[in-house]
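These notes are about the structure you will find just below.
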Amino acid sequence: MIETITALEALRERLRSWRRAGLTVGFVPTMGNLHAGHYSLVALARRHADRVVSSVFVNPTQFGPSEDFTRYPRTPDTDTSGLEAAGCDVLWLPTVESMYPFGVELAANVHVPGVSAVLEGECRPGHFDGVCTVVTRLFNQVQPDVAAFGKKDYQQLTVIQQMVADLHFPIRILAGEIVREDDGLAMSSRNQYLGSDVRPRAGTIYQVLQQMRRAHLDGMPRLALEAQAAARLGESGFVVDYAALRRPDLGIAGDGEPGSRVALVAARLGATRLIDNLEF
Ligand code: PAF
């Protein structure tokens, strides 16, 4: 049976009992409205730790003023049963007041320079400060041995890896593969915002990412490849924030420079903003 914990002292007591028994702890932070992508992260954490804690906390500090914090989908009952089925031992449900004891305005802020500033950082200023600020708090609360983050949020994963290395968190970060719908759409809590008028077109993002890979392997210069991808998305009715080809560390590679790449797309379809990526 999964145990739901809402007070930090009770969480710490549970963690102490596990530690006394010599058990390791895996952690999966989430904002709830869970789907197969989240559950695959729980399974990943389970493979690397004796016990798994998952948190559900819709973090106000990572939403911009015009973003969907208040209408972000909240589905506590299905999240709890899904986590239990996925093998999670403890569901940690902090409140905003306990997460930010001095209030959101006076909260100590964690900023990871460089990799936070590009792509999503340009489109959503302050977003990664909110993510790093809350993940730091969650890491201090749970003190896990390993923590799992999905590759769907490729840049978030990169930012967290840098933060963990830079601040010497004794936590191993596990990267979970993207879980896709049949048409290639990456699973996301925001997919349910897609109306039936636009949903059939949402898989185009994955097709475009594959086209970016092919174009790169065929030797197309980066700027031409990015422009071609943005045009194809535009033709399918997307409003494009970026279609970018980057090195794995999100730096820009020169044309012809050897090495791996990641293609990343952020685009709006109707009122829904989707992000996705493909590594090659
Ligand atoms: O990826 C998410 O769901 C969130 O950004 C996270 C890591 C749970 C922090 O609020």
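Quick note on naming: the chains in the structure tokens go A, B, ... in the order shown, residues restart at 1 in each chain, and ligands are numbered from 1 in order of appearance.
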
Neighbouring residues of ligand 1 are defined here as those with any atom at most 8 Å from a ligand atom, counting only C-alpha atoms and all ligand atoms; list them as a tab-separated table (two decimals) with N, CA and C atoms, in the first residue's frame.
chain	number	residue	atom	x	y	z
A	28	VAL	N	11.05	10.65	-7.36
A	28	VAL	CA	10.48	11.14	-8.63
A	28	VAL	C	9.63	12.36	-8.33
A	29	PRO	N	10.16	13.57	-8.58
A	29	PRO	CA	9.34	14.77	-8.36
A	29	PRO	C	8.37	14.98	-9.51
A	30	THR	N	7.14	15.35	-9.21
A	30	THR	CA	6.16	15.59	-10.27
A	30	THR	C	5.26	16.77	-9.88
A	31	MET	N	4.46	17.21	-10.85
A	31	MET	CA	3.42	18.20	-10.56
A	31	MET	C	2.05	17.55	-10.67
A	32	GLY	N	2.01	16.22	-10.64
A	32	GLY	CA	0.72	15.52	-10.67
A	32	GLY	C	0.16	15.39	-12.08
A	55	SER	N	6.81	12.95	-5.31
A	55	SER	CA	6.10	14.13	-4.80
A	55	SER	C	5.14	14.64	-5.86
A	56	VAL	N	4.02	15.16	-5.40
A	56	VAL	CA	3.11	15.90	-6.28
A	56	VAL	C	3.00	17.30	-5.69
A	57	PHE	N	3.49	18.28	-6.45
A	57	PHE	CA	3.45	19.67	-5.98
A	57	PHE	C	3.42	20.57	-7.20
A	58	VAL	N	2.30	21.26	-7.39
A	58	VAL	CA	2.21	22.20	-8.51
A	58	VAL	C	2.90	23.48	-8.03
A	59	ASN	N	4.11	23.68	-8.56
A	59	ASN	CA	5.02	24.69	-8.01
A	59	ASN	C	4.75	26.07	-8.59
A	62	GLN	N	7.48	28.32	-10.78
A	62	GLN	CA	8.00	28.04	-12.12
A	62	GLN	C	7.02	28.40	-13.23
A	130	GLY	N	12.55	28.86	-10.90
A	130	GLY	CA	11.47	28.24	-10.12
A	130	GLY	C	11.67	26.74	-10.00
A	131	VAL	N	12.07	26.11	-11.10
A	131	VAL	CA	12.30	24.65	-11.08
A	131	VAL	C	13.45	24.33	-10.11
A	132	CYS	N	14.58	25.04	-10.26
A	132	CYS	CA	15.75	24.73	-9.41
A	132	CYS	C	15.46	25.04	-7.95
A	134	VAL	N	12.55	24.86	-6.40
A	134	VAL	CA	11.70	23.84	-5.77
A	134	VAL	C	12.41	22.49	-5.72
A	135	VAL	N	13.18	22.15	-6.75
A	135	VAL	CA	13.86	20.84	-6.73
A	135	VAL	C	14.91	20.81	-5.62
A	149	PHE	N	14.36	12.05	-13.67
A	149	PHE	CA	13.75	13.14	-14.45
A	149	PHE	C	13.59	12.66	-15.89
A	150	GLY	N	12.52	13.09	-16.55
A	150	GLY	CA	12.24	12.63	-17.90
A	150	GLY	C	13.02	13.42	-18.94
A	153	ASP	N	11.58	16.73	-20.94
A	153	ASP	CA	12.02	18.08	-20.55
A	153	ASP	C	13.55	18.07	-20.59
A	156	GLN	N	15.37	20.92	-18.89
A	156	GLN	CA	15.22	20.83	-17.42
A	156	GLN	C	16.21	19.79	-16.87

| said: List the spatial neighbours of range 232-246 of chain A as a PyMOL selection string - criterion: any atom at most 6 Å away, only C-alpha atoms, same-chain residues fewer than 3 positions off excluded. | reply: chain A and resi 226+229+250-252+261-269

Could you pull out all residues of range 164-267 of chain A with a DSSP call of strand (DSSP E or B) and give them as a count of residues only?
21

Looking only at helix (DSSP H, G or I) from DSSP on the backbone, list the matching residues of range 16-240 of chain A as a PyMOL selection string.
chain A and resi 16-20+36-48+60-62+76-86+96-99+120-123+127-142+151-166+189-193+199-201+204-217+222-235

Check: What is the distance, in Å and to one decimal place, between CA of Asp183 in chain A and CA of Met212 in chain A?
Finding: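 Here the two named atoms are 17.4 Å from each other.
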
Here CA of Val179 in chain A and CA of Pro144 in chain A stand apart by 24.1 Å

Query - Nearest-residue call for Asp129 in chain A, choices A:His111, A:Arg46, A:Arg172, A:Arg14, using only C-alpha atoms - result: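 Closest to Asp129 in chain A of all the choices is A:His111.
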
Mind checking which residues fall within 10 Å of Met163 in chain A, counting only C-alpha atoms, ignoring those fewer than 5 positions away in the same chain, and posting them as a PyMOL selection string? chain A and resi 110-113+132+135-136+157-158+168-169

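When only C-alpha atoms are used to compute distances to Leu41 in chain A, the closest of the residues A:Leu23, A:Ala85, A:Leu174, A:Ala186 turns out to be A:Leu174.
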
Applying 7 Å and only C-alpha atoms, which residues near Gly87 in chain A remain after dropping the ones on its own chain fewer than 3 positions away? List them as a CSV table (one decimal) with C-alpha atoms, in the first residue's frame.
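Now in part_28.csv:
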chain,number,residue,atom,x,y,z
A,42,VAL,CA,8.9,5.5,-10.9
A,43,ALA,CA,9.8,2.1,-12.4
A,83,LEU,CA,1.7,5.7,-8.3
A,84,GLU,CA,0.7,2.7,-6.1
